[in-house]
Amino acid sequence: MNDIPNDGCNNVCARDSIVFITSQTYQGNVNGLAGADQRCRMLAAIAGLPRFETYRAWLSSSTKSAGERLLHSRGRYVLVNGLVVAQDWDALVSGMFENPINVDENSQTRETPAWTSTLASGEAAPGANFCDDWTGVLDPNGGYGLPSMTDATWSFFDNAPCDSEAHLYCLEQ
C-alpha cells in the first residue's frame with residue numbers, strides 16, 4: 001500500500017504514464033503505425049522525457065486498434081506539466097477525462113485536432129478512415145479527435161482529408 005500522495009505511484013504503486021499531444025503536426029502519411037510511434041519517441045527524446053523509447057501513438061489502423069497496441073496501465077496518465085488526465089487505463093477509455101490531452105512534450109497548449117481513427121474506448125472507430133493505414137496513398141480521409149475536449153470527442157470527432165495537418169497523441173508505455 002502506498003500512502004504518499006502525488007509521488008507518481010497510485011495506491012498499489014503502479015507507475016504514472018506521461019501523455020502528450022505532439023508539438024508538430026503531420027499529414028495523414030506518417031509511414032504507418034510504426035512511423036507514428038517513432039515520431040512520438042523522437043519528440044519525447046528531444047524534450048528529455050524519461051523512458052522516451054517507450055512512447056506510442058494513440059492511433060488505430062484498419063487491422064489494429066489503439067487499445068490492442070498499447071499497454072493498459074494500472075497507474076495514472078499524466079500530462080508533462082503534472083496534471084492528471086485519467087487515474088488508470090479504465091478511466092482513460094471511459095471517455096471522460098479529468099484534464100484534456102492538449103499539452104505537448106514541451107508543456108505548450110495545442111488546440112488543433114489529432115489523428116486517431118480511434119474511439120475513446122480504444123477501439124477503431126466505425127466509419128473512420130485511416131489514410132490508407134497512415135501511408136496516405138489511397139484513402140483520402142483519416143479520423144481525428146479534439147484535444148481540448150474531456151469527453152469522447154477527444155479521441156474521435158470526424159474524418160478529415162489526409163492532406164490536412166493534425167497532431168498525434170503519445171502515451172508512455
# chains A, B, ... in the order shown; residues from 1 in each chain; ligands from 1

$ residues_around --residues "A:Thr135" --least-positions-apart "5" --cutoff "6 Å" --atoms "only C-alpha atoms" --output "PyMOL selection string"
chain A and resi 29+31-32

$ write_last_selection --atoms "C-alpha atoms" --output "mmCIF file, in the first residue's frame"
data_model
loop_
_atom_site.group_PDB
_atom_site.id
_atom_site.type_symbol
_atom_site.label_atom_id
_atom_site.label_comp_id
_atom_site.auth_asym_id
_atom_site.auth_seq_id
_atom_site.Cartn_x
_atom_site.Cartn_y
_atom_site.Cartn_z
ATOM 1 C CA ASN A 29 1.029 9.877 -44.215
ATOM 2 C CA ASN A 31 4.610 5.929 -42.552
ATOM 3 C CA GLY A 32 2.084 3.711 -40.789
#

$ residues_around --residues "A:Leu83" --least-positions-apart "3" --cutoff "10 Å" --atoms "only C-alpha atoms" --output "ChimeraX atom specification"
/A:18,77-80,86,98-101,103

$ write_last_selection --atoms "C-alpha atoms" --output "PDB file, in the first residue's frame"
ATOM      1  CA  ILE A  18       3.140  10.526 -19.362  1.00  0.00           C
ATOM      2  CA  TYR A  77      -1.993   9.005 -17.108  1.00  0.00           C
ATOM      3  CA  VAL A  78      -0.490  12.460 -16.547  1.00  0.00           C
ATOM      4  CA  LEU A  79       0.448  15.397 -18.741  1.00  0.00           C
ATOM      5  CA  VAL A  80       4.019  16.668 -18.972  1.00  0.00           C
ATOM      6  CA  ALA A  86      -7.019   9.686 -16.016  1.00  0.00           C
ATOM      7  CA  GLU A  98     -10.000  14.992 -15.534  1.00  0.00           C
ATOM      8  CA  ASN A  99      -7.964  17.217 -17.895  1.00  0.00           C
ATOM      9  CA  PRO A 100      -7.718  17.270 -21.707  1.00  0.00           C
ATOM     10  CA  ILE A 101      -4.669  15.967 -23.580  1.00  0.00           C
ATOM     11  CA  VAL A 103      -0.322  19.839 -23.662  1.00  0.00           C
TER      12      VAL A 103
END

$ select_by_dssp --residues "stretch 53-100 of chain A" --states "helix (DSSP H, G or I)" --output "list in words"
Glu53, Thr54, Ala66, Gly67, Glu68, Arg69, Trp89, Asp90, Ala91 and Leu92 of chain A

$ closest_atom_pairs --of "stretch 52-116 of chain A" --to "stretch 127-131 of chain A" --cutoff "9 Å" --atoms "only C-alpha atoms" --output "CSV"
residue,atom,partner,partner_atom,distance
A:Ser60,CA,A:Phe130,CA,7.5
A:Ser61,CA,A:Phe130,CA,5.8
A:Ser62,CA,A:Phe130,CA,6.6
A:Trp115,CA,A:Phe130,CA,9.0
A:Thr116,CA,A:Phe130,CA,8.4

$ write_last_selection --atoms "N, CA and C atoms" --output "PDB file, in the first residue's frame"
ATOM      1  N   SER A  60      -5.210   4.069 -34.503  1.00  0.00           N
ATOM      2  CA  SER A  60      -5.681   2.769 -34.992  1.00  0.00           C
ATOM      3  C   SER A  60      -5.492   2.693 -36.496  1.00  0.00           C
ATOM      4  N   SER A  61      -5.314   1.477 -36.979  1.00  0.00           N
ATOM      5  CA  SER A  61      -5.279   1.222 -38.416  1.00  0.00           C
ATOM      6  C   SER A  61      -6.484   0.344 -38.759  1.00  0.00           C
ATOM      7  N   SER A  62      -6.600  -0.046 -40.005  1.00  0.00           N
ATOM      8  CA  SER A  62      -7.719  -0.906 -40.407  1.00  0.00           C
ATOM      9  C   SER A  62      -7.582  -2.312 -39.836  1.00  0.00           C
ATOM     10  N   TRP A 115      -4.786  13.199 -35.197  1.00  0.00           N
ATOM     11  CA  TRP A 115      -5.158  11.978 -35.916  1.00  0.00           C
ATOM     12  C   TRP A 115      -5.350  10.841 -34.915  1.00  0.00           C
ATOM     13  N   THR A 116      -6.392  10.044 -35.056  1.00  0.00           N
ATOM     14  CA  THR A 116      -6.605   8.889 -34.180  1.00  0.00           C
ATOM     15  C   THR A 116      -7.304   7.726 -34.888  1.00  0.00           C
TER      16      THR A 116
END

$ closest_residue --among "A:Thr109, A:Phe157, A:Trp89, A:Thr25" --to "A:Arg76" --atoms "only C-alpha atoms"
A:Trp89

$ residues_around --residues "A:Ser155" --least-positions-apart "3" --cutoff "7 Å" --atoms "only C-alpha atoms" --output "MDAnalysis selection string"
chainID A and resid 116 118:120 144:146 152

$ write_last_selection --atoms "N, CA, C and O atoms" --output "PDB file, in the first residue's frame"
ATOM      1  N   THR A 116      -6.392  10.044 -35.056  1.00  0.00           N
ATOM      2  CA  THR A 116      -6.605   8.889 -34.180  1.00  0.00           C
ATOM      3  C   THR A 116      -7.304   7.726 -34.888  1.00  0.00           C
ATOM      4  O   THR A 116      -6.896   6.603 -34.754  1.00  0.00           O
ATOM      5  N   THR A 118      -9.805   6.439 -33.787  1.00  0.00           N
ATOM      6  CA  THR A 118      -9.985   5.588 -32.611  1.00  0.00           C
ATOM      7  C   THR A 118     -11.085   6.154 -31.721  1.00  0.00           C
ATOM      8  O   THR A 118     -11.094   7.352 -31.433  1.00  0.00           O
ATOM      9  N   LEU A 119     -11.995   5.287 -31.282  1.00  0.00           N
ATOM     10  CA  LEU A 119     -12.981   5.696 -30.288  1.00  0.00           C
ATOM     11  C   LEU A 119     -12.284   5.888 -28.946  1.00  0.00           C
ATOM     12  O   LEU A 119     -11.198   5.347 -28.720  1.00  0.00           O
ATOM     13  N   ALA A 120     -12.913   6.611 -28.043  1.00  0.00           N
ATOM     14  CA  ALA A 120     -12.343   6.820 -26.709  1.00  0.00           C
ATOM     15  C   ALA A 120     -12.116   5.490 -25.994  1.00  0.00           C
ATOM     16  O   ALA A 120     -11.240   5.381 -25.142  1.00  0.00           O
ATOM     17  N   TYR A 144     -10.068  11.974 -36.746  1.00  0.00           N
ATOM     18  CA  TYR A 144      -9.348  12.816 -35.800  1.00  0.00           C
ATOM     19  C   TYR A 144     -10.185  13.082 -34.556  1.00  0.00           C
ATOM     20  O   TYR A 144     -11.393  12.915 -34.540  1.00  0.00           O
ATOM     21  N   GLY A 145      -9.483  13.503 -33.485  1.00  0.00           N
ATOM     22  CA  GLY A 145     -10.111  13.894 -32.237  1.00  0.00           C
ATOM     23  C   GLY A 145      -9.774  15.331 -31.896  1.00  0.00           C
ATOM     24  O   GLY A 145      -8.915  15.951 -32.531  1.00  0.00           O
ATOM     25  N   LEU A 146     -10.464  15.843 -30.854  1.00  0.00           N
ATOM     26  CA  LEU A 146     -10.316  17.246 -30.451  1.00  0.00           C
ATOM     27  C   LEU A 146      -9.592  17.336 -29.112  1.00  0.00           C
ATOM     28  O   LEU A 146     -10.150  16.970 -28.073  1.00  0.00           O
ATOM     29  N   ALA A 152     -15.760  11.986 -25.003  1.00  0.00           N
ATOM     30  CA  ALA A 152     -15.310  11.021 -26.009  1.00  0.00           C
ATOM     31  C   ALA A 152     -14.795  11.658 -27.299  1.00  0.00           C
ATOM     32  O   ALA A 152     -14.040  11.018 -28.040  1.00  0.00           O
TER      33      ALA A 152
END

$ select_by_dssp --residues "stretch 68-99 of chain A" --states "strand (DSSP E or B)" --output "ChimeraX atom specification"
/A:77-79,84-86

$ write_last_selection --atoms "all heavy atoms" --output "PDB file, in the first residue's frame"
ATOM      1  N   TYR A  77      -2.458   8.375 -15.875  1.00  0.00           N
ATOM      2  CA  TYR A  77      -1.993   9.005 -17.108  1.00  0.00           C
ATOM      3  C   TYR A  77      -1.919  10.494 -16.811  1.00  0.00           C
ATOM      4  O   TYR A  77      -2.924  11.108 -16.434  1.00  0.00           O
ATOM      5  CB  TYR A  77      -2.953   8.712 -18.264  1.00  0.00           C
ATOM      6  CG  TYR A  77      -2.885   7.270 -18.702  1.00  0.00           C
ATOM      7  CD1 TYR A  77      -3.668   6.295 -18.092  1.00  0.00           C
ATOM      8  CD2 TYR A  77      -2.014   6.866 -19.703  1.00  0.00           C
ATOM      9  CE1 TYR A  77      -3.597   4.969 -18.477  1.00  0.00           C
ATOM     10  CE2 TYR A  77      -1.927   5.535 -20.100  1.00  0.00           C
ATOM     11  CZ  TYR A  77      -2.731   4.594 -19.481  1.00  0.00           C
ATOM     12  OH  TYR A  77      -2.645   3.281 -19.863  1.00  0.00           O
ATOM     13  N   VAL A  78      -0.709  11.067 -16.922  1.00  0.00           N
ATOM     14  CA  VAL A  78      -0.490  12.460 -16.547  1.00  0.00           C
ATOM     15  C   VAL A  78       0.149  13.232 -17.695  1.00  0.00           C
ATOM     16  O   VAL A  78       0.900  12.671 -18.492  1.00  0.00           O
ATOM     17  CB  VAL A  78       0.388  12.586 -15.277  1.00  0.00           C
ATOM     18  CG1 VAL A  78      -0.274  11.930 -14.074  1.00  0.00           C
ATOM     19  CG2 VAL A  78       1.764  11.994 -15.507  1.00  0.00           C
ATOM     20  N   LEU A  79      -0.160  14.511 -17.756  1.00  0.00           N
ATOM     21  CA  LEU A  79       0.448  15.397 -18.741  1.00  0.00           C
ATOM     22  C   LEU A  79       1.874  15.735 -18.325  1.00  0.00           C
ATOM     23  O   LEU A  79       2.253  15.549 -17.163  1.00  0.00           O
ATOM     24  CB  LEU A  79      -0.375  16.676 -18.869  1.00  0.00           C
ATOM     25  CG  LEU A  79      -1.813  16.497 -19.360  1.00  0.00           C
ATOM     26  CD1 LEU A  79      -2.587  17.801 -19.217  1.00  0.00           C
ATOM     27  CD2 LEU A  79      -1.829  16.006 -20.797  1.00  0.00           C
ATOM     28  N   VAL A  84      -3.308  15.446 -14.005  1.00  0.00           N
ATOM     29  CA  VAL A  84      -3.807  14.080 -14.236  1.00  0.00           C
ATOM     30  C   VAL A  84      -4.876  14.103 -15.321  1.00  0.00           C
ATOM     31  O   VAL A  84      -5.816  14.899 -15.261  1.00  0.00           O
ATOM     32  CB  VAL A  84      -4.372  13.474 -12.935  1.00  0.00           C
ATOM     33  CG1 VAL A  84      -4.982  12.108 -13.194  1.00  0.00           C
ATOM     34  CG2 VAL A  84      -3.284  13.384 -11.873  1.00  0.00           C
ATOM     35  N   VAL A  85      -4.729  13.226 -16.303  1.00  0.00           N
ATOM     36  CA  VAL A  85      -5.736  13.039 -17.345  1.00  0.00           C
ATOM     37  C   VAL A  85      -6.716  11.964 -16.896  1.00  0.00           C
ATOM     38  O   VAL A  85      -7.925  12.146 -16.965  1.00  0.00           O
ATOM     39  CB  VAL A  85      -5.077  12.650 -18.686  1.00  0.00           C
ATOM     40  CG1 VAL A  85      -6.120  12.256 -19.724  1.00  0.00           C
ATOM     41  CG2 VAL A  85      -4.203  13.786 -19.193  1.00  0.00           C
ATOM     42  N   ALA A  86      -6.183  10.816 -16.438  1.00  0.00           N
ATOM     43  CA  ALA A  86      -7.019   9.686 -16.016  1.00  0.00           C
ATOM     44  C   ALA A  86      -6.274   8.894 -14.948  1.00  0.00           C
ATOM     45  O   ALA A  86      -5.051   8.829 -14.960  1.00  0.00           O
ATOM     46  CB  ALA A  86      -7.340   8.801 -17.211  1.00  0.00           C
TER      47      ALA A  86
END

$ closest_residue --among "A:Val137, A:Leu49, A:Gly122, A:Gln173" --to "A:Pro161" --atoms "only C-alpha atoms"
A:Val137

$ closest_residue --among "A:Ala114, A:Leu92, A:Val30, A:Met42" --to "A:Leu168" --atoms "only C-alpha atoms"
A:Ala114

$ atom_distance --atom1 "atom CA of A:Lys64" --atom2 "atom CA of A:Val19"
20.4 Å

$ atom_distance --atom1 "atom CA of A:Ala124" --atom2 "atom CA of A:Phe52"
25.3 Å

$ atom_distance --atom1 "atom CA of A:Arg69" --atom2 "atom CA of A:Glu123"
10.3 Å

$ closest_residue --among "A:Gly28, A:Ser164, A:Phe20, A:Asn102" --to "A:Leu138" --atoms "only C-alpha atoms"
A:Gly28

$ residues_around --residues "A:Pro50" --least-positions-apart "3" --cutoff "12 Å" --atoms "only C-alpha atoms" --output "PyMOL selection string"
chain A and resi 16-19+41+43-47+53-55+80+105+172-173

$ write_last_selection --atoms "C-alpha atoms" --output "mmCIF file, in the first residue's frame"
data_model
loop_
_atom_site.group_PDB
_atom_site.id
_atom_site.type_symbol
_atom_site.label_atom_id
_atom_site.label_comp_id
_atom_site.auth_asym_id
_atom_site.auth_seq_id
_atom_site.Cartn_x
_atom_site.Cartn_y
_atom_site.Cartn_z
ATOM 1 C CA ASP A 16 2.415 7.033 -13.849
ATOM 2 C CA SER A 17 2.492 7.213 -17.657
ATOM 3 C CA ILE A 18 3.140 10.526 -19.362
ATOM 4 C CA VAL A 19 0.808 11.507 -22.212
ATOM 5 C CA ARG A 41 9.631 8.662 -29.424
ATOM 6 C CA LEU A 43 9.725 14.222 -29.727
ATOM 7 C CA ALA A 44 9.865 12.653 -26.246
ATOM 8 C CA ALA A 45 13.644 12.220 -26.599
ATOM 9 C CA ILE A 46 14.191 15.791 -27.818
ATOM 10 C CA ALA A 47 12.114 17.077 -24.879
ATOM 11 C CA GLU A 53 11.931 4.915 -26.167
ATOM 12 C CA THR A 54 8.607 3.515 -24.882
ATOM 13 C CA TYR A 55 6.164 6.062 -26.375
ATOM 14 C CA VAL A 80 4.019 16.668 -18.972
ATOM 15 C CA GLU A 105 6.009 17.425 -24.858
ATOM 16 C CA GLU A 172 4.345 6.360 -22.419
ATOM 17 C CA GLN A 173 4.255 2.552 -22.229
#

$ closest_residue --among "A:Leu59, A:Ile21, A:Ala14, A:Leu70" --to "A:Asp133" --atoms "only C-alpha atoms"
A:Leu59
